[in-house]
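Report on the following structure.
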Amino acid sequence: MDRELLAQQLCALPIVQYEFFETSDLLFSDRVRHICRTECPQYGKSWACPPGVGTLEACRERCLRYPHALLITTMAETWF
């Protein structure tokens, strides 16, 4: 992967911030799931969040299959 080329392409998109990182740096915590379950009104409504993503161990195994990752942050206006 050519990170420099990808970074140039990302600059053309409405992205607030992005970061390349090693998946081995990720922390997997049940605490995050607890916060989602108790505080997020969208809990259980998205395949991209708990519980739709599977167990904590399943997430860990799936993520660590890839040595590198790209995190992208965007912003959107709320319609409600």
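Within each chain, counting starts at residue 1; across the structure tokens, chains are named A, B, ... in the order shown, with ligands numbered 1 upward in that order.
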Within 8 Å of segment 63-80 of chain A, counting only C-alpha atoms, which residues qualify if same-chain residues fewer than 2 places away don't, as a PyMOL selection string? chain A and resi 14-24+59-61
C-alpha atoms of the current selection, written as a PDB file, in the first residue's frame:
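Contents of selection_12.pdb, freshly written:
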```
ATOM      1  CA  PRO A  14     -14.587  15.696   3.493  1.00  0.00           C
ATOM      2  CA  ILE A  15     -12.585  14.024   6.256  1.00  0.00           C
ATOM      3  CA  VAL A  16     -11.850  15.777   9.543  1.00  0.00           C
ATOM      4  CA  GLN A  17      -8.921  13.588  10.514  1.00  0.00           C
ATOM      5  CA  TYR A  18      -7.306  10.250   9.676  1.00  0.00           C
ATOM      6  CA  GLU A  19      -4.600   8.106  11.206  1.00  0.00           C
ATOM      7  CA  PHE A  20      -2.713   5.017  10.098  1.00  0.00           C
ATOM      8  CA  PHE A  21      -1.939   2.650  12.985  1.00  0.00           C
ATOM      9  CA  GLU A  22      -0.918  -0.873  13.892  1.00  0.00           C
ATOM     10  CA  THR A  23      -3.790  -3.117  14.994  1.00  0.00           C
ATOM     11  CA  SER A  24      -1.547  -4.519  17.720  1.00  0.00           C
ATOM     12  CA  CYS A  59     -13.792  -8.599  17.373  1.00  0.00           C
ATOM     13  CA  ARG A  60     -10.252  -9.007  18.640  1.00  0.00           C
ATOM     14  CA  GLU A  61      -9.592 -12.003  16.391  1.00  0.00           C
TER      15      GLU A  61
END
```
Quick one: DSSP strand (DSSP E or B) residues in chain A, as number ranges by chain? A: 17-22, 68-73
Figure out the distance between atom CA of Cys49 of chain A and atom CA of Leu10 of chain A, please, to one decimal in Å.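 Atom-to-atom, atom CA of Leu10 of chain A to atom CA of Cys49 of chain A, that is 24.1 Å.
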Shell around segment 27-36 of chain A at 10 Å using only C-alpha atoms, local window under 5 positions removed, as an MDAnalysis selection string: chainID A and resid 41:44 49:51 55:57 59:60
Distance in Å - atom CA of Asp25 of chain A versus atom CA of Arg62 of chain A: 14.3 Å
